[in-house]
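Here is the file structure-v7.cif (mmCIF, N, CA and C atoms).
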data_start
#
loop_
_atom_site.label_atom_id
_atom_site.label_comp_id
_atom_site.auth_asym_id
_atom_site.auth_seq_id
_atom_site.Cartn_x
_atom_site.Cartn_y
_atom_site.Cartn_z
N MET H 128 89.72 0.54 114.86
CA MET H 128 90.59 0.96 115.94
C MET H 128 91.74 1.76 115.35
N ASP H 129 91.97 2.92 115.89
CA ASP H 129 93.01 3.82 115.41
C ASP H 129 94.23 3.68 116.32
N LEU H 130 95.32 3.13 115.79
CA LEU H 130 96.55 2.96 116.55
C LEU H 130 97.48 4.13 116.27
N ALA H 131 98.21 4.53 117.30
CA ALA H 131 99.16 5.63 117.15
C ALA H 131 100.29 5.44 118.15
N ASN H 132 101.39 6.11 117.86
CA ASN H 132 102.49 6.15 118.82
C ASN H 132 102.32 7.39 119.68
N CYS H 133 102.52 7.22 120.97
CA CYS H 133 102.40 8.34 121.90
C CYS H 133 103.52 9.34 121.62
N PRO H 134 103.19 10.63 121.44
CA PRO H 134 104.23 11.62 121.15
C PRO H 134 105.15 11.88 122.34
N ARG H 135 104.73 11.51 123.53
CA ARG H 135 105.56 11.74 124.72
C ARG H 135 106.52 10.59 124.99
N CYS H 136 106.03 9.35 124.92
CA CYS H 136 106.88 8.20 125.29
C CYS H 136 107.17 7.27 124.13
N GLY H 137 106.42 7.40 123.03
CA GLY H 137 106.65 6.56 121.87
C GLY H 137 105.92 5.22 121.89
N LYS H 138 105.22 4.94 122.95
CA LYS H 138 104.52 3.67 123.10
C LYS H 138 103.31 3.61 122.16
N LEU H 139 103.06 2.43 121.59
CA LEU H 139 101.90 2.21 120.72
C LEU H 139 100.65 2.10 121.59
N PHE H 140 99.58 2.80 121.19
CA PHE H 140 98.33 2.75 121.95
C PHE H 140 97.14 2.94 121.03
N ALA H 141 95.97 2.55 121.52
CA ALA H 141 94.73 2.74 120.76
C ALA H 141 94.21 4.14 121.05
N ARG H 142 94.24 4.98 120.04
CA ARG H 142 93.82 6.36 120.23
C ARG H 142 92.30 6.45 120.10
N HIS H 143 91.68 6.94 121.16
CA HIS H 143 90.24 7.14 121.14
C HIS H 143 89.93 8.62 121.13
N PHE H 144 90.09 9.26 122.28
CA PHE H 144 89.77 10.67 122.39
C PHE H 144 91.00 11.51 122.71
N ARG H 145 92.07 10.88 123.12
CA ARG H 145 93.29 11.58 123.52
C ARG H 145 94.42 11.30 122.55
N ASP H 146 95.38 12.22 122.48
CA ASP H 146 96.52 12.05 121.60
C ASP H 146 97.72 11.45 122.30
N VAL H 147 97.58 11.10 123.57
CA VAL H 147 98.66 10.46 124.31
C VAL H 147 98.16 9.16 124.91
N CYS H 148 99.11 8.28 125.26
CA CYS H 148 98.74 6.99 125.83
C CYS H 148 98.17 7.17 127.24
N PRO H 149 97.48 6.16 127.76
CA PRO H 149 96.88 6.29 129.10
C PRO H 149 97.90 6.57 130.20
N ASP H 150 99.10 5.97 130.11
CA ASP H 150 100.12 6.23 131.13
C ASP H 150 100.55 7.69 131.12
N CYS H 151 100.79 8.24 129.93
CA CYS H 151 101.20 9.64 129.83
C CYS H 151 100.05 10.57 130.23
N LEU H 152 98.82 10.16 129.95
CA LEU H 152 97.67 10.96 130.36
C LEU H 152 97.61 11.06 131.88
N LYS H 153 97.90 9.96 132.56
CA LYS H 153 97.93 9.99 134.03
C LYS H 153 99.03 10.92 134.53
N ARG H 154 100.21 10.86 133.86
CA ARG H 154 101.31 11.75 134.24
C ARG H 154 100.94 13.21 134.00
N LEU H 155 100.26 13.47 132.88
CA LEU H 155 99.83 14.85 132.58
C LEU H 155 98.85 15.35 133.64
N GLU H 156 97.94 14.49 134.06
CA GLU H 156 96.98 14.89 135.09
C GLU H 156 97.68 15.17 136.41
N LYS H 157 98.69 14.37 136.74
CA LYS H 157 99.46 14.62 137.96
C LYS H 157 100.21 15.94 137.86
N GLU H 158 100.78 16.23 136.68
CA GLU H 158 101.47 17.51 136.47
C GLU H 158 100.50 18.67 136.61
N TYR H 159 99.31 18.51 136.03
CA TYR H 159 98.29 19.55 136.13
C TYR H 159 97.90 19.80 137.58
N GLU H 160 97.65 18.73 138.31
CA GLU H 160 97.27 18.85 139.72
C GLU H 160 98.38 19.53 140.53
N ALA H 161 99.64 19.18 140.23
CA ALA H 161 100.76 19.80 140.94
C ALA H 161 100.79 21.31 140.66
N CYS H 162 100.55 21.69 139.42
CA CYS H 162 100.54 23.12 139.06
C CYS H 162 99.40 23.85 139.77
N VAL H 163 98.22 23.26 139.73
CA VAL H 163 97.05 23.90 140.34
C VAL H 163 97.24 24.03 141.85
N ASP H 164 97.74 22.98 142.48
CA ASP H 164 97.98 23.03 143.93
C ASP H 164 99.00 24.10 144.29
N TYR H 165 100.07 24.19 143.51
CA TYR H 165 101.10 25.19 143.79
C TYR H 165 100.53 26.61 143.61
N LEU H 166 99.77 26.80 142.53
CA LEU H 166 99.19 28.13 142.29
C LEU H 166 98.14 28.50 143.34
N ARG H 167 97.47 27.52 143.86
CA ARG H 167 96.48 27.78 144.92
C ARG H 167 97.17 28.36 146.16
N ASP H 168 98.36 27.86 146.46
CA ASP H 168 99.10 28.32 147.63
C ASP H 168 99.99 29.53 147.35
N HIS H 169 100.39 29.72 146.09
CA HIS H 169 101.31 30.80 145.71
C HIS H 169 100.73 31.56 144.52
N LYS H 170 99.76 32.41 144.78
CA LYS H 170 99.05 33.12 143.70
C LYS H 170 99.94 34.07 142.91
N GLY H 171 101.02 34.55 143.49
CA GLY H 171 101.90 35.49 142.81
C GLY H 171 103.06 34.83 142.07
N ALA H 172 102.99 33.52 141.85
CA ALA H 172 104.09 32.80 141.21
C ALA H 172 104.20 33.14 139.73
N THR H 173 105.44 33.12 139.24
CA THR H 173 105.69 33.29 137.80
C THR H 173 105.76 31.91 137.17
N ILE H 174 105.79 31.87 135.84
CA ILE H 174 105.84 30.57 135.16
C ILE H 174 107.16 29.86 135.45
N ASN H 175 108.25 30.61 135.62
CA ASN H 175 109.54 29.99 135.95
C ASN H 175 109.51 29.37 137.34
N GLU H 176 108.95 30.09 138.31
CA GLU H 176 108.83 29.55 139.67
C GLU H 176 107.95 28.30 139.66
N LEU H 177 106.85 28.37 138.96
CA LEU H 177 105.92 27.24 138.89
C LEU H 177 106.61 26.02 138.28
N SER H 178 107.37 26.24 137.22
CA SER H 178 108.08 25.15 136.57
C SER H 178 109.14 24.54 137.47
N GLU H 179 109.90 25.39 138.15
CA GLU H 179 110.95 24.89 139.04
C GLU H 179 110.38 24.12 140.22
N GLU H 180 109.33 24.63 140.82
CA GLU H 180 108.78 24.01 142.03
C GLU H 180 107.99 22.72 141.74
N THR H 181 107.35 22.65 140.58
CA THR H 181 106.53 21.48 140.27
C THR H 181 107.25 20.50 139.35
N GLU H 182 108.39 20.91 138.79
CA GLU H 182 109.14 20.11 137.83
C GLU H 182 108.32 19.80 136.57
N VAL H 183 107.42 20.72 136.21
CA VAL H 183 106.65 20.62 134.98
C VAL H 183 107.28 21.61 134.01
N THR H 184 107.45 21.22 132.75
CA THR H 184 108.11 22.09 131.78
C THR H 184 107.26 23.33 131.51
N ILE H 185 107.93 24.41 131.14
CA ILE H 185 107.24 25.64 130.78
C ILE H 185 106.33 25.40 129.58
N LYS H 186 106.79 24.57 128.65
CA LYS H 186 105.99 24.24 127.47
C LYS H 186 104.67 23.58 127.88
N GLN H 187 104.73 22.66 128.83
CA GLN H 187 103.51 21.98 129.28
C GLN H 187 102.60 22.93 130.06
N ILE H 188 103.17 23.79 130.88
CA ILE H 188 102.37 24.77 131.61
C ILE H 188 101.66 25.69 130.62
N THR H 189 102.38 26.08 129.57
CA THR H 189 101.79 26.93 128.52
C THR H 189 100.62 26.20 127.87
N ARG H 190 100.77 24.91 127.61
CA ARG H 190 99.65 24.13 127.04
C ARG H 190 98.44 24.14 127.97
N PHE H 191 98.69 23.97 129.27
CA PHE H 191 97.59 24.00 130.24
C PHE H 191 96.88 25.35 130.19
N ILE H 192 97.64 26.43 130.07
CA ILE H 192 97.04 27.77 130.02
C ILE H 192 96.23 27.92 128.75
N ARG H 193 96.79 27.53 127.61
CA ARG H 193 96.09 27.68 126.33
C ARG H 193 94.85 26.81 126.24
N GLU H 194 94.89 25.65 126.89
CA GLU H 194 93.71 24.78 126.91
C GLU H 194 92.63 25.33 127.84
N GLY H 195 92.97 26.32 128.64
CA GLY H 195 92.02 26.90 129.58
C GLY H 195 91.96 26.15 130.90
N ARG H 196 92.88 25.25 131.11
CA ARG H 196 92.88 24.46 132.35
C ARG H 196 93.47 25.27 133.51
N ILE H 197 94.45 26.11 133.21
CA ILE H 197 95.01 27.02 134.21
C ILE H 197 94.59 28.43 133.81
N SER H 198 93.94 29.10 134.71
CA SER H 198 93.45 30.45 134.45
C SER H 198 94.47 31.49 134.90
N LEU H 199 94.62 32.53 134.11
CA LEU H 199 95.51 33.62 134.46
C LEU H 199 94.82 34.67 135.32
N VAL H 200 93.51 34.55 135.48
CA VAL H 200 92.73 35.55 136.22
C VAL H 200 93.18 35.66 137.66
N GLY H 201 93.36 34.56 138.34
CA GLY H 201 93.75 34.60 139.74
C GLY H 201 95.25 34.61 139.97
N ALA H 202 96.02 34.66 138.89
CA ALA H 202 97.48 34.63 138.99
C ALA H 202 98.05 35.86 138.29
N PRO H 203 98.22 36.96 139.00
CA PRO H 203 98.62 38.21 138.35
C PRO H 203 100.02 38.19 137.74
N ASN H 204 100.92 37.36 138.23
CA ASN H 204 102.29 37.33 137.70
C ASN H 204 102.54 36.20 136.71
N LEU H 205 101.53 35.38 136.47
CA LEU H 205 101.70 34.24 135.58
C LEU H 205 101.50 34.66 134.14
N SER H 206 102.46 34.40 133.31
CA SER H 206 102.38 34.65 131.88
C SER H 206 103.21 33.59 131.18
N TYR H 207 103.09 33.50 129.87
CA TYR H 207 103.78 32.47 129.11
C TYR H 207 104.52 33.10 127.93
N PRO H 208 105.48 32.39 127.34
CA PRO H 208 106.31 32.99 126.30
C PRO H 208 105.60 33.15 124.95
N CYS H 209 105.93 34.25 124.27
CA CYS H 209 105.50 34.50 122.89
C CYS H 209 106.10 33.39 122.02
N GLU H 210 105.34 32.88 121.06
CA GLU H 210 105.83 31.80 120.21
C GLU H 210 106.95 32.24 119.27
N VAL H 211 107.09 33.55 119.04
CA VAL H 211 108.10 34.03 118.11
C VAL H 211 109.37 34.44 118.83
N CYS H 212 109.26 35.34 119.80
CA CYS H 212 110.46 35.91 120.42
C CYS H 212 110.70 35.43 121.85
N GLY H 213 109.69 34.87 122.50
CA GLY H 213 109.87 34.33 123.84
C GLY H 213 109.58 35.30 124.98
N ILE H 214 109.24 36.55 124.68
CA ILE H 214 108.89 37.50 125.74
C ILE H 214 107.60 37.03 126.40
N LEU H 215 107.45 37.27 127.68
CA LEU H 215 106.27 36.78 128.41
C LEU H 215 105.03 37.60 128.08
N ILE H 216 103.94 36.90 127.78
CA ILE H 216 102.65 37.53 127.43
C ILE H 216 101.54 36.88 128.25
N ARG H 217 100.36 37.50 128.22
CA ARG H 217 99.23 36.96 128.99
C ARG H 217 98.05 36.54 128.11
N ASP H 218 98.08 36.87 126.82
CA ASP H 218 97.00 36.41 125.95
C ASP H 218 97.50 36.25 124.52
N GLY H 219 96.81 35.40 123.75
CA GLY H 219 97.20 35.16 122.37
C GLY H 219 98.42 34.25 122.27
N THR H 220 99.02 34.25 121.09
CA THR H 220 100.20 33.43 120.87
C THR H 220 101.44 34.27 120.58
N MET H 221 101.21 35.56 120.23
CA MET H 221 102.33 36.45 119.92
C MET H 221 102.20 37.75 120.71
N CYS H 222 103.35 38.35 121.00
CA CYS H 222 103.36 39.65 121.66
C CYS H 222 102.95 40.73 120.65
N ASP H 223 102.65 41.92 121.14
CA ASP H 223 102.23 43.02 120.27
C ASP H 223 103.31 43.38 119.25
N SER H 224 104.56 43.34 119.66
CA SER H 224 105.66 43.68 118.77
C SER H 224 105.75 42.70 117.60
N CYS H 225 105.71 41.41 117.88
CA CYS H 225 105.77 40.40 116.81
C CYS H 225 104.54 40.45 115.92
N ARG H 226 103.38 40.69 116.52
CA ARG H 226 102.14 40.79 115.75
C ARG H 226 102.21 41.99 114.81
N GLY H 227 102.72 43.12 115.31
CA GLY H 227 102.88 44.31 114.47
C GLY H 227 103.86 44.08 113.33
N ARG H 228 104.98 43.40 113.64
CA ARG H 228 105.97 43.10 112.61
C ARG H 228 105.36 42.19 111.54
N LEU H 229 104.59 41.20 111.95
CA LEU H 229 103.94 40.30 111.00
C LEU H 229 102.95 41.06 110.11
N ASN H 230 102.15 41.93 110.73
CA ASN H 230 101.21 42.74 109.95
C ASN H 230 101.93 43.63 108.94
N ARG H 231 103.04 44.26 109.38
CA ARG H 231 103.83 45.10 108.47
C ARG H 231 104.39 44.29 107.31
N ASP H 232 104.91 43.10 107.61
CA ASP H 232 105.48 42.26 106.56
C ASP H 232 104.42 41.84 105.54
N VAL H 233 103.24 41.49 106.03
CA VAL H 233 102.15 41.11 105.13
C VAL H 233 101.74 42.31 104.28
N LYS H 234 101.63 43.48 104.92
CA LYS H 234 101.24 44.68 104.19
C LYS H 234 102.29 45.04 103.14
N ASN H 235 103.57 44.92 103.50
CA ASN H 235 104.64 45.22 102.55
C ASN H 235 104.67 44.22 101.40
N ALA H 236 104.33 42.99 101.66
CA ALA H 236 104.34 41.97 100.61
C ALA H 236 103.25 42.22 99.58
N THR H 237 102.18 42.88 99.98
CA THR H 237 101.07 43.12 99.04
C THR H 237 100.95 44.59 98.64
N SER H 238 101.95 45.38 98.99
CA SER H 238 101.86 46.81 98.67
C SER H 238 102.26 47.07 97.21
N ASN H 239 102.12 48.29 96.79
CA ASN H 239 102.47 48.68 95.43
C ASN H 239 103.97 48.70 95.20
N ASP H 240 104.76 48.65 96.25
CA ASP H 240 106.21 48.62 96.11
C ASP H 240 106.67 47.31 95.48
N ASN H 241 105.88 46.28 95.58
CA ASN H 241 106.22 44.98 95.03
C ASN H 241 105.20 44.67 93.94
N PRO H 242 105.43 45.12 92.71
CA PRO H 242 104.41 45.00 91.67
C PRO H 242 104.01 43.56 91.35
N LYS H 243 104.93 42.62 91.41
CA LYS H 243 104.57 41.24 91.10
C LYS H 243 103.59 40.70 92.14
N ALA H 244 103.90 40.89 93.42
CA ALA H 244 103.01 40.41 94.47
C ALA H 244 101.70 41.16 94.43
N SER H 245 101.77 42.47 94.20
CA SER H 245 100.56 43.28 94.16
C SER H 245 99.67 42.87 92.99
N SER H 246 100.28 42.62 91.82
CA SER H 246 99.52 42.23 90.64
C SER H 246 98.85 40.87 90.86
N ALA H 247 99.60 39.93 91.42
CA ALA H 247 99.03 38.61 91.67
C ALA H 247 97.91 38.69 92.70
N ALA H 248 98.12 39.49 93.74
CA ALA H 248 97.08 39.64 94.77
C ALA H 248 95.85 40.29 94.17
N GLN H 249 96.02 41.30 93.32
CA GLN H 249 94.90 41.98 92.69
C GLN H 249 94.16 41.02 91.76
N ASP H 250 94.89 40.23 90.96
CA ASP H 250 94.26 39.27 90.07
C ASP H 250 93.47 38.24 90.87
N TYR H 251 94.04 37.79 91.97
CA TYR H 251 93.34 36.80 92.79
C TYR H 251 92.07 37.39 93.38
N ARG H 252 92.16 38.64 93.88
CA ARG H 252 90.99 39.28 94.49
C ARG H 252 89.90 39.53 93.47
N SER H 253 90.28 39.79 92.23
CA SER H 253 89.28 40.09 91.21
C SER H 253 88.78 38.83 90.51
N GLY H 254 89.11 37.68 91.06
CA GLY H 254 88.65 36.44 90.45
C GLY H 254 89.47 36.04 89.26
N GLY H 255 90.65 36.60 89.13
CA GLY H 255 91.48 36.34 87.96
C GLY H 255 92.46 35.21 88.14
N ALA H 256 92.21 34.31 89.03
CA ALA H 256 93.15 33.20 89.24
C ALA H 256 93.32 32.39 87.97
N TYR H 257 92.25 32.24 87.18
CA TYR H 257 92.37 31.49 85.95
C TYR H 257 93.17 32.28 84.92
N ARG H 258 93.03 33.61 84.96
CA ARG H 258 93.80 34.43 84.02
C ARG H 258 95.29 34.32 84.30
N ILE H 259 95.65 34.20 85.56
CA ILE H 259 97.07 34.05 85.88
C ILE H 259 97.58 32.74 85.27
N GLY H 260 96.81 31.68 85.41
CA GLY H 260 97.20 30.39 84.81
C GLY H 260 97.30 30.49 83.31
N ASP H 261 96.35 31.24 82.69
CA ASP H 261 96.40 31.43 81.23
C ASP H 261 97.65 32.19 80.82
N ARG H 262 98.02 33.23 81.60
CA ARG H 262 99.23 33.99 81.28
C ARG H 262 100.47 33.12 81.36
N LEU H 263 100.53 32.28 82.38
CA LEU H 263 101.68 31.39 82.51
C LEU H 263 101.73 30.40 81.38
N ARG H 264 100.59 29.90 80.98
CA ARG H 264 100.52 28.93 79.88
C ARG H 264 100.91 29.60 78.56
N ASP H 265 100.50 30.87 78.36
CA ASP H 265 100.81 31.59 77.12
C ASP H 265 102.29 31.89 76.99
N ARG H 266 103.00 32.00 78.12
CA ARG H 266 104.44 32.29 78.07
C ARG H 266 105.21 31.15 77.45
N ASP H 267 104.76 29.95 77.61
CA ASP H 267 105.51 28.77 77.11
C ASP H 267 105.44 28.63 75.64
#
Show me this structure written as structure tokens.
Amino acid sequence: MDLANCPRCGKLFARHFRDVCPDCLKRLEKEYEACVDYLRDHKGATINELSEETEVTIKQITRFIREGRISLVGAPNLSYPCEVCGILIRDGTMCDSCRGRLNRDVKNATSNDNPKASSAAQDYRSGGAYRIGDRLRDRD
């Protein structure tokens, strides 16, 4: 038997298939039903309107969307916040701007402008991970 503390209420419970206790699971299902019912009647609702009217947190609504329980197909104005900057998006976890910035940063970290990072990346790609360890050992 796998015992765990519920991340929502802190209560000790026997974890089987869910990460929350049975009481919190019932509350989550009620929150989900409230969201679905509201969206059924108000197809043009935004995530802020949905949160205010159902008293379900934006974070929880976002989880429902990411789990695929709430579909964005029938809700043209429903979107959720980017995990980095908070701008509203409709797919993925990051907006295009943050994704581009991340790609640029990764590219800059491995570019020729940074010889140490570039050399280590090249050694790793060429199977030279052991050679790097040998070089470090030889320095001592």
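All polymer residues at most 7 Å from (105.4, 10.6, 126.0), using all atoms listed in the file, appear as Cys133, Pro134, Arg135, Cys136, Gly137, Lys138, Val147, Cys148 and Cys151 of chain H.
Coordinates place CA of Asp218 (chain H) at a distance of 11.2 Å from atom N of Gly195 (chain H).
Going from CA of Glu176 (chain H) to CA of Cys212 (chain H) covers 20.3 Å.
If you count all atoms listed in the file and ignore residues fewer than 5 places along the chain from Cys222 (chain H), what sits within 7 Å of it is Pro208, Cys209, Glu210, Val211, Cys212, Ile214, Leu215, Ile216 and Gly227 of chain H.
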Once 4 Å is added on each side, what centre and edge lengths in Å to one decimal does the axis-aligned box around all listed atoms of region 163-173 of chain H have, as JSON?
{"center_x": 101.1, "center_y": 29.2, "center_z": 142.4, "size_x": 17.3, "size_y": 20.5, "size_z": 18.5}
I would like the residues chosen by the PyMOL selection byres ((chain H and resi 173) around 8) on the shown file; could you give them as a ChimeraX atom specification?
/H:169-172,174-179,202-207
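Residues of region 168-238 of chain H assigned to strand (DSSP E or B) by DSSP on this structure's backbone: Tyr207, Pro208, Leu215 and Ile216 of chain H.
The two atoms in question, CA of Arg190 (chain H) and CA of Asn230 (chain H), are spaced 25.3 Å apart.
This file gives the following result for the PyMOL selection byres (((chain H and resi 131 and name CA) around 8) and name CA): H:Asp129, H:Leu130, H:Asn132, H:Cys133, H:Leu139, H:Phe140, H:Ala141, H:Arg142.
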Let's see if you can do this: from backbone DSSP, list all helix (DSSP H, G or I) residues in region 144-259 of chain H, as JSON, numbers by chain.
{"H": [149, 150, 151, 152, 153, 154, 155, 156, 157, 158, 159, 160, 161, 162, 163, 164, 165, 166, 167, 168, 174, 175, 176, 177, 178, 179, 180, 181, 185, 186, 187, 188, 189, 190, 191, 192, 193, 223, 224, 225, 226, 227, 228, 229, 230, 231, 232, 233, 234, 235, 236, 242, 243, 244, 245, 246, 247, 248, 249, 250, 251, 252, 256, 257, 258, 259]}
Closest to Arg196 (chain H) among H:Val163, H:Met221, H:Thr181, H:Phe144, using only N, CA and C atoms?
H:Val163
Which one is closest to Glu158 (chain H): H:Val183, H:Ile197, H:Met128, H:Val233? Count all atoms listed in the file.
H:Val183
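For the residues H:Lys234, H:Arg217, H:Phe191, H:Glu180, ranking by smallest atom-to-atom distance to Tyr159 (chain H) using all atoms listed in the file places H:Phe191 first.
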Can you complete the atoms of region 153-168 of chain H to N, CA, C and O atoms and list them as a JSON list (two decimals), keeping the file's coordinate frame?
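Now in part-v1.json:
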[["chain", "number", "residue", "atom", "x", "y", "z"],
["H", 153, "LYS", "N", 97.90, 9.96, 132.56],
["H", 153, "LYS", "CA", 97.93, 9.99, 134.03],
["H", 153, "LYS", "C", 99.03, 10.92, 134.53],
["H", 153, "LYS", "O", 98.83, 11.69, 135.47],
["H", 154, "ARG", "N", 100.21, 10.86, 133.86],
["H", 154, "ARG", "CA", 101.31, 11.75, 134.24],
["H", 154, "ARG", "C", 100.94, 13.21, 134.00],
["H", 154, "ARG", "O", 101.25, 14.08, 134.82],
["H", 155, "LEU", "N", 100.26, 13.47, 132.88],
["H", 155, "LEU", "CA", 99.83, 14.85, 132.58],
["H", 155, "LEU", "C", 98.85, 15.35, 133.64],
["H", 155, "LEU", "O", 98.93, 16.51, 134.05],
["H", 156, "GLU", "N", 97.94, 14.49, 134.06],
["H", 156, "GLU", "CA", 96.98, 14.89, 135.09],
["H", 156, "GLU", "C", 97.68, 15.17, 136.41],
["H", 156, "GLU", "O", 97.32, 16.11, 137.12],
["H", 157, "LYS", "N", 98.69, 14.37, 136.74],
["H", 157, "LYS", "CA", 99.46, 14.62, 137.96],
["H", 157, "LYS", "C", 100.21, 15.94, 137.86],
["H", 157, "LYS", "O", 100.28, 16.71, 138.83],
["H", 158, "GLU", "N", 100.78, 16.23, 136.68],
["H", 158, "GLU", "CA", 101.47, 17.51, 136.47],
["H", 158, "GLU", "C", 100.50, 18.67, 136.61],
["H", 158, "GLU", "O", 100.81, 19.68, 137.24],
["H", 159, "TYR", "N", 99.31, 18.51, 136.03],
["H", 159, "TYR", "CA", 98.29, 19.55, 136.13],
["H", 159, "TYR", "C", 97.90, 19.80, 137.58],
["H", 159, "TYR", "O", 97.84, 20.94, 138.03],
["H", 160, "GLU", "N", 97.65, 18.73, 138.31],
["H", 160, "GLU", "CA", 97.27, 18.85, 139.72],
["H", 160, "GLU", "C", 98.38, 19.53, 140.53],
["H", 160, "GLU", "O", 98.10, 20.36, 141.39],
["H", 161, "ALA", "N", 99.64, 19.18, 140.23],
["H", 161, "ALA", "CA", 100.76, 19.80, 140.94],
["H", 161, "ALA", "C", 100.79, 21.31, 140.66],
["H", 161, "ALA", "O", 101.00, 22.11, 141.58],
["H", 162, "CYS", "N", 100.55, 21.69, 139.42],
["H", 162, "CYS", "CA", 100.54, 23.12, 139.06],
["H", 162, "CYS", "C", 99.40, 23.85, 139.77],
["H", 162, "CYS", "O", 99.60, 24.93, 140.32],
["H", 163, "VAL", "N", 98.22, 23.26, 139.73],
["H", 163, "VAL", "CA", 97.05, 23.90, 140.34],
["H", 163, "VAL", "C", 97.24, 24.03, 141.85],
["H", 163, "VAL", "O", 96.95, 25.08, 142.44],
["H", 164, "ASP", "N", 97.74, 22.98, 142.48],
["H", 164, "ASP", "CA", 97.98, 23.03, 143.93],
["H", 164, "ASP", "C", 99.00, 24.10, 144.29],
["H", 164, "ASP", "O", 98.82, 24.85, 145.25],
["H", 165, "TYR", "N", 100.07, 24.19, 143.51],
["H", 165, "TYR", "CA", 101.10, 25.19, 143.79],
["H", 165, "TYR", "C", 100.53, 26.61, 143.61],
["H", 165, "TYR", "O", 100.76, 27.49, 144.44],
["H", 166, "LEU", "N", 99.77, 26.80, 142.53],
["H", 166, "LEU", "CA", 99.19, 28.13, 142.29],
["H", 166, "LEU", "C", 98.14, 28.50, 143.34],
["H", 166, "LEU", "O", 97.97, 29.68, 143.64],
["H", 167, "ARG", "N", 97.47, 27.52, 143.86],
["H", 167, "ARG", "CA", 96.48, 27.78, 144.92],
["H", 167, "ARG", "C", 97.17, 28.36, 146.16],
["H", 167, "ARG", "O", 96.65, 29.25, 146.81],
["H", 168, "ASP", "N", 98.36, 27.86, 146.46],
["H", 168, "ASP", "CA", 99.10, 28.32, 147.63],
["H", 168, "ASP", "C", 99.99, 29.53, 147.35],
["H", 168, "ASP", "O", 100.34, 30.28, 148.26]]
